[in-house]
$ cat input.tsv   # TSV, C-alpha atoms (C1' of nucleotides)
chain	number	residue	atom	x	y	z
A	1	MET	CA	-124.55	-118.09	53.20
A	2	ASP	CA	-121.35	-116.17	53.71
A	3	VAL	CA	-119.71	-115.37	57.01
A	4	ARG	CA	-119.67	-111.77	55.87
A	5	ASP	CA	-123.47	-111.79	56.11
A	6	LEU	CA	-123.40	-112.69	59.79
A	7	HIS	CA	-122.11	-109.29	60.77
A	8	PRO	CA	-120.43	-106.33	59.11
A	9	TRP	CA	-116.99	-107.41	58.00
A	10	PRO	CA	-114.35	-105.51	60.00
A	11	SER	CA	-112.55	-102.73	58.18
A	12	THR	CA	-110.27	-101.80	61.06
A	13	PRO	CA	-108.26	-103.75	63.66
A	14	GLU	CA	-110.53	-102.32	66.37
A	15	GLU	CA	-113.63	-103.74	64.71
A	16	ALA	CA	-111.95	-107.10	64.21
A	17	GLU	CA	-110.98	-107.27	67.88
A	18	ALA	CA	-114.55	-106.42	68.86
A	19	ILE	CA	-115.79	-109.42	66.86
A	20	GLN	CA	-113.31	-111.69	68.59
A	21	ASP	CA	-114.51	-110.40	71.95
A	22	LEU	CA	-118.11	-110.98	70.90
A	23	LEU	CA	-117.52	-114.57	69.83
A	24	ARG	CA	-115.16	-115.64	72.61
A	25	PRO	CA	-117.97	-116.34	75.13
A	26	MET	CA	-119.30	-118.96	72.72
A	27	LEU	CA	-116.22	-121.11	73.13
A	28	GLU	CA	-116.61	-124.50	74.77
A	29	LEU	CA	-113.34	-125.25	76.49
A	30	ASP	CA	-112.15	-127.97	78.83
A	31	VAL	CA	-114.78	-130.39	77.62
A	32	PRO	CA	-113.62	-133.89	76.67
A	33	GLY	CA	-112.42	-133.84	73.08
A	34	PRO	CA	-112.77	-136.53	70.41
A	35	ALA	CA	-110.33	-139.27	71.47
A	36	ALA	CA	-110.71	-141.29	68.29
A	37	PRO	CA	-112.51	-139.19	65.67
A	38	SER	CA	-113.60	-141.25	62.66
A	39	THR	CA	-112.57	-138.41	60.38
A	40	VAL	CA	-110.16	-135.49	60.82
A	41	ALA	CA	-109.92	-132.43	58.60
A	42	GLY	CA	-106.79	-130.43	57.92
A	43	LEU	CA	-107.03	-126.83	56.70
A	44	ASP	CA	-104.44	-124.62	55.08
A	45	VAL	CA	-104.14	-121.62	52.79
A	46	SER	CA	-101.60	-120.66	50.13
A	47	TYR	CA	-101.02	-117.14	48.88
A	48	ALA	CA	-99.91	-115.62	45.61
A	49	GLY	CA	-97.54	-112.67	45.84
A	50	ASP	CA	-96.38	-111.16	49.11
A	51	GLY	CA	-99.44	-112.12	51.09
A	52	GLY	CA	-99.46	-109.09	53.31
A	53	GLY	CA	-102.42	-106.98	52.34
A	54	THR	CA	-106.12	-107.18	51.58
A	55	GLY	CA	-107.08	-108.58	48.20
A	56	ASP	CA	-104.13	-110.94	47.79
A	57	ARG	CA	-105.08	-113.99	45.78
A	58	LEU	CA	-105.31	-117.16	47.86
A	59	ALA	CA	-106.48	-120.77	47.84
A	60	ALA	CA	-107.96	-122.50	50.88
A	61	ALA	CA	-107.95	-126.27	51.11
A	62	VAL	CA	-109.57	-128.81	53.39
A	63	VAL	CA	-108.55	-132.45	53.37
A	64	VAL	CA	-110.52	-135.01	55.36
A	65	LEU	CA	-108.65	-138.12	56.45
A	66	ASP	CA	-109.88	-141.35	57.98
A	67	GLY	CA	-109.03	-141.02	61.65
A	68	THR	CA	-107.61	-144.52	61.81
A	69	THR	CA	-105.95	-145.24	58.48
A	70	LEU	CA	-105.15	-141.60	57.64
A	71	GLU	CA	-106.31	-142.26	54.11
A	72	VAL	CA	-107.94	-139.38	52.22
A	73	VAL	CA	-111.72	-139.43	52.50
A	74	GLU	CA	-112.57	-136.13	50.83
A	75	GLU	CA	-111.01	-132.90	49.59
A	76	SER	CA	-112.35	-129.42	48.96
A	77	VAL	CA	-110.75	-126.23	47.69
A	78	ALA	CA	-111.86	-122.63	47.28
A	79	VAL	CA	-110.00	-119.75	45.69
A	80	GLY	CA	-110.56	-116.18	46.75
A	81	THR	CA	-108.82	-113.09	48.08
A	82	ALA	CA	-107.50	-112.08	51.49
A	83	ALA	CA	-110.32	-110.39	53.41
A	84	PHE	CA	-108.11	-108.42	55.78
A	85	PRO	CA	-104.50	-107.27	55.94
A	86	TYR	CA	-102.08	-109.39	57.91
A	87	VAL	CA	-102.03	-108.23	61.51
A	88	PRO	CA	-100.65	-110.54	64.22
A	89	GLY	CA	-103.62	-111.48	66.38
A	90	LEU	CA	-106.12	-110.83	63.60
A	91	PHE	CA	-104.75	-113.36	61.20
A	92	ALA	CA	-108.04	-115.31	61.00
A	93	PHE	CA	-109.85	-112.48	59.25
A	94	ARG	CA	-107.60	-112.88	56.25
A	95	GLU	CA	-108.61	-116.38	55.29
A	96	LEU	CA	-111.81	-117.14	57.18
A	97	PRO	CA	-114.27	-116.46	54.33
A	98	THR	CA	-112.40	-118.67	51.87
A	99	LEU	CA	-111.76	-121.42	54.42
A	100	LEU	CA	-115.47	-121.54	55.25
A	101	GLU	CA	-116.29	-121.71	51.57
A	102	ALA	CA	-114.00	-124.71	51.24
A	103	LEU	CA	-115.64	-126.33	54.28
A	104	ARG	CA	-119.06	-125.83	52.75
A	105	GLY	CA	-117.90	-127.90	49.79
A	106	LEU	CA	-117.55	-130.99	51.97
A	107	THR	CA	-120.03	-133.85	52.08
A	108	THR	CA	-118.41	-135.19	55.24
A	109	THR	CA	-118.77	-133.57	58.66
A	110	PRO	CA	-115.28	-133.91	60.18
A	111	GLY	CA	-114.96	-135.07	63.77
A	112	LEU	CA	-112.09	-132.62	64.31
A	113	LEU	CA	-110.61	-129.59	62.56
A	114	VAL	CA	-106.83	-129.25	62.61
A	115	CYS	CA	-105.93	-125.64	61.85
A	116	ASP	CA	-102.70	-123.97	60.86
A	117	GLY	CA	-101.99	-121.52	63.65
A	118	PHE	CA	-103.36	-121.17	67.15
A	119	GLY	CA	-106.45	-121.59	69.28
A	120	ILE	CA	-106.55	-119.94	72.69
A	121	ALA	CA	-102.78	-119.38	72.64
A	122	HIS	CA	-103.61	-115.90	71.39
A	123	PRO	CA	-103.47	-112.35	72.81
A	124	ARG	CA	-107.26	-112.29	73.32
A	125	ARG	CA	-107.65	-116.08	73.57
A	126	PHE	CA	-109.35	-116.29	70.20
A	127	GLY	CA	-107.08	-117.51	67.43
A	128	LEU	CA	-108.07	-119.03	64.08
A	129	ALA	CA	-108.90	-122.47	65.57
A	130	CYS	CA	-111.32	-120.87	68.05
A	131	HIS	CA	-112.94	-118.80	65.34
A	132	LEU	CA	-113.41	-121.74	62.99
A	133	GLY	CA	-114.62	-123.91	65.85
A	134	VAL	CA	-117.28	-121.47	66.97
A	135	LEU	CA	-118.53	-120.78	63.44
A	136	THR	CA	-118.77	-124.47	62.50
A	137	GLY	CA	-119.64	-125.88	65.91
A	138	LEU	CA	-116.99	-128.56	65.40
A	139	PRO	CA	-114.14	-129.57	67.71
A	140	ALA	CA	-111.06	-127.64	66.58
A	141	ILE	CA	-107.39	-127.37	67.50
A	142	GLY	CA	-104.53	-125.19	66.37
A	143	VAL	CA	-101.08	-126.49	65.45
A	144	GLY	CA	-98.51	-123.74	65.03
A	145	LYS	CA	-95.05	-124.13	63.54
A	146	THR	CA	-93.50	-121.18	65.35
A	147	ALA	CA	-94.06	-119.45	68.69
A	148	PHE	CA	-96.55	-116.61	68.93
A	149	ILE	CA	-97.31	-115.75	72.54
A	150	GLY	CA	-96.32	-117.24	75.86
A	151	THR	CA	-93.24	-118.69	77.47
A	152	TYR	CA	-92.06	-122.26	77.75
A	153	ASP	CA	-89.16	-124.51	78.57
A	154	GLN	CA	-87.71	-126.60	75.80
A	155	PRO	CA	-89.40	-130.03	75.87
A	156	GLY	CA	-87.39	-133.29	75.93
A	157	ALA	CA	-85.78	-134.43	72.70
A	158	ARG	CA	-87.97	-137.43	72.03
A	159	ARG	CA	-91.27	-137.75	70.21
A	160	GLY	CA	-94.09	-137.25	72.67
A	161	ASP	CA	-92.10	-135.02	75.02
A	162	ALA	CA	-93.90	-131.79	75.82
A	163	ALA	CA	-93.79	-128.62	77.89
A	164	PRO	CA	-96.62	-126.28	78.90
A	165	LEU	CA	-97.02	-123.01	77.02
A	166	ARG	CA	-97.83	-120.33	79.58
A	167	ASP	CA	-99.11	-116.80	79.25
A	168	GLY	CA	-100.31	-114.44	81.91
A	169	GLY	CA	-100.25	-117.13	84.58
A	170	GLU	CA	-102.32	-119.63	82.64
A	171	VAL	CA	-101.52	-122.61	80.46
A	172	VAL	CA	-102.68	-121.75	76.96
A	173	GLY	CA	-101.16	-124.65	75.07
A	174	ARG	CA	-98.38	-127.20	74.86
A	175	VAL	CA	-95.07	-127.32	73.04
A	176	LEU	CA	-95.06	-130.82	71.63
A	177	ARG	CA	-92.26	-132.82	70.03
A	178	THR	CA	-93.72	-134.98	67.26
A	179	ARG	CA	-90.39	-136.45	66.11
A	180	ASP	CA	-87.13	-137.28	67.87
A	181	GLY	CA	-84.69	-134.40	67.77
A	182	VAL	CA	-86.91	-132.25	65.57
A	183	LYS	CA	-88.24	-128.77	66.31
A	184	PRO	CA	-91.50	-129.06	68.29
A	185	VAL	CA	-94.95	-127.78	67.27
A	186	PHE	CA	-97.26	-125.55	69.31
A	187	VAL	CA	-100.61	-127.12	70.11
A	188	SER	CA	-103.54	-125.19	71.55
A	189	VAL	CA	-107.21	-125.86	72.02
A	190	GLY	CA	-109.66	-124.16	69.71
A	191	HIS	CA	-113.16	-125.42	70.55
A	192	ARG	CA	-114.87	-128.42	72.12
A	193	THR	CA	-111.77	-130.32	73.19
A	194	ASP	CA	-109.21	-130.51	75.98
A	195	LEU	CA	-105.47	-130.02	75.59
A	196	GLY	CA	-104.51	-133.60	76.41
A	197	THR	CA	-106.79	-135.02	73.76
A	198	ALA	CA	-105.62	-132.39	71.29
A	199	CYS	CA	-102.00	-133.45	71.74
A	200	ARG	CA	-102.85	-137.14	71.42
A	201	ASN	CA	-104.67	-136.34	68.19
A	202	VAL	CA	-101.64	-134.47	66.87
A	203	LEU	CA	-99.28	-137.32	67.73
A	204	ALA	CA	-101.60	-139.78	66.00
A	205	LEU	CA	-101.55	-137.59	62.90
A	206	ALA	CA	-97.81	-136.92	62.88
A	207	ARG	CA	-96.12	-140.31	62.68
A	208	GLU	CA	-93.43	-139.86	60.07
A	209	TYR	CA	-93.28	-136.11	59.69
A	210	ARG	CA	-93.11	-133.18	62.07
A	211	LEU	CA	-96.49	-131.78	61.01
A	212	PRO	CA	-99.83	-133.60	61.10
A	213	GLU	CA	-100.67	-135.47	57.90
A	214	THR	CA	-103.83	-133.37	57.67
A	215	THR	CA	-101.82	-130.16	57.52
A	216	ARG	CA	-99.35	-131.56	55.00
A	217	ARG	CA	-102.11	-132.72	52.68
A	218	ALA	CA	-104.00	-129.44	52.91
A	219	ASP	CA	-100.81	-127.48	52.29
A	220	ARG	CA	-100.07	-129.36	49.12
A	221	LEU	CA	-103.66	-129.18	47.89
A	222	SER	CA	-103.91	-125.41	48.45
A	223	ARG	CA	-100.61	-124.91	46.64
A	224	ASP	CA	-101.72	-126.96	43.66
A	225	ALA	CA	-105.08	-125.20	43.56
A	226	LEU	CA	-103.43	-121.79	43.55
A	227	ALA	CA	-101.17	-122.82	40.69
A	228	ALA	CA	-104.09	-124.30	38.77
A	229	ALA	CA	-106.05	-121.07	39.28
A	230	SER	CA	-103.36	-119.64	36.95
A	231	GLY	CA	-101.71	-117.49	39.65
B	232	DG	C1'	-90.21	-96.36	75.42
B	233	DC	C1'	-88.57	-100.37	72.29
B	234	DG	C1'	-88.98	-104.62	70.11
B	235	DA	C1'	-91.50	-108.85	68.89
B	236	DC	C1'	-95.29	-110.60	66.47
B	237	DA	C1'	-99.65	-117.29	64.01
B	238	DG	C1'	-99.76	-117.31	58.29
C	239	DA	C1'	-97.33	-116.67	53.79
C	240	DT	C1'	-93.77	-116.15	49.63
C	241	DC	C1'	-89.18	-115.08	47.34
C	242	DT	C1'	-84.80	-118.27	46.50
C	243	DT	C1'	-79.01	-121.17	45.95
C	244	DG	C1'	-76.66	-124.09	47.77
C	245	DT	C1'	-75.82	-127.69	50.99
C	246	DC	C1'	-75.89	-131.47	54.29
C	247	DG	C1'	-77.80	-136.13	55.05
C	248	DC	C1'	-80.53	-140.41	54.78
$ encode --input "input.tsv" --output "structure tokens"
Amino acid sequence: MDVRDLHPWPSTPEEAEAIQDLLRPMLELDVPGPAAPSTVAGLDVSYAGDGGGTGDRLAAAVVVLDGTTLEVVEESVAVGTAAFPYVPGLFAFRELPTLLEALRGLTTTPGLLVCDGFGIAHPRRFGLACHLGVLTGLPAIGVGKTAFIGTYDQPGARRGDAAPLRDGGEVVGRVLRTRDGVKPVFVSVGHRTDLGTACRNVLALAREYRLPETTRRADRLSRDALAAASG
DNA sequence: GCGACAG
DNA sequence: ATCTTGTCGC
């Protein structure tokens, strides 16, 4: 089954926003998240060409790591095309179909999904991590490399230092330093977890590099898959 | 009104 | 996201 069979695929930003509004009530927030998931999946997508419009060639990768040793347990890739043009706030519609196809290729059911991008730190509180969480029913978090929405004070310079990410009077995420003196990452809850647990998960996954090992592995796999697909 | 804007 | 040369540093 394809996500595009669940409901008409949006052809306009208005329709895409309506879908986000429809799915948002299904989010389970502020529930205790997985403190020590036995497996954690990282997801990422690589594009061929400019990567701005519909139809761009892409490769989606999912890498499942052992939650304790961080060793690779399973990998899955899917190649496809962007299902929506790039519009800030509607980013998920671009790669959702291909990401779900890659997830379907797994034998393992991950205890946590680590997504590239944001969860509720989003204009309508429904970023990619929320969308993937609701559709899979799995705990999910978003780890962004750059700011999107909200305001924050610069966190301390050491690994583990953090500052709340605020928007419209509410805390929507946390700016977290994963390495001493290195640019922080933006962590936000997607589904079935709390922010504190999400940040602890990220720190456990990012020991020697700024980004979680899950994200790094998925990034490399999606890149290789795209190249192998001849693009 | 003008700019900024996940990947 | 992707396109790209050189450059600084461990």
$ residues_near_point --input "input.tsv" --point "(-94.6, -128.6, 76.5)" --cutoff "7 Å" --atoms "all atoms listed in the file" --output "MDAnalysis selection string"
chainID A and resid 152 155 162:165 174:176
$ closest_atom_pairs --input "input.tsv" --of "chain C" --to "chain A" --cutoff "12 Å" --atoms "all atoms listed in the file" --output "CSV"
residue,atom,partner,partner_atom,distance
C:DA239,C1',A:Gly51,CA,5.7
C:DT240,C1',A:Asp50,CA,5.7
C:DC241,C1',A:Asp50,CA,8.4
$ residues_around --input "input.tsv" --residues "A:Ala198" --least-positions-apart "5" --cutoff "7 Å" --atoms "all atoms listed in the file" --output "list in words"
Ile141, Val189 and Thr193 of chain A
$ residues_around --input "input.tsv" --residues "B:DG238" --least-positions-apart "4" --cutoff "12 Å" --atoms "all atoms listed in the file" --output "MDAnalysis selection string"
(chainID A and resid 44:47 50:52 58 82 85:95 115:118 127:128 143:146 148 219) or (chainID C and resid 239:240)
$ interface_residues --input "input.tsv" --of "chain B" --to "chain A" --cutoff "12 Å" --atoms "only C-alpha atoms (C1' of nucleotides)" --output "list in words"
DA235, DC236, DA237 and DG238 of chain B
$ axis_aligned_box --input "input.tsv" --around "chain C" --padding-each-side "8 Å" --output "AutoDock Vina command-line options"
--center_x -86.6 --center_y -127.7 --center_z 50.5 --size_x 37.5 --size_y 41.3 --size_z 25.1
$ atom_distance --input "input.tsv" --atom1 "atom CA of A:Ala229" --atom2 "atom CA of A:Leu106"
19.8 Å
$ atom_distance --input "input.tsv" --atom1 "atom CA of A:Trp9" --atom2 "atom CA of A:Ala61"
22.0 Å
$ closest_residue --input "input.tsv" --among "A:Val72, A:Val31, A:Cys130, A:Ala206" --to "A:Asp180" --atoms "all atoms listed in the file"
A:Ala206
$ atom_distance --input "input.tsv" --atom1 "atom CA of A:Thr215" --atom2 "atom CA of A:Leu195"
18.4 Å
$ residues_around --input "input.tsv" --residues "stretch 33-43 of chain A" --least-positions-apart "4" --cutoff "10 Å" --atoms "all atoms listed in the file" --output "PyMOL selection string"
chain A and resi 29+60-77+99+102-103+108-116+139-141+189+191-198+200-201+204-205+212-219+221-222
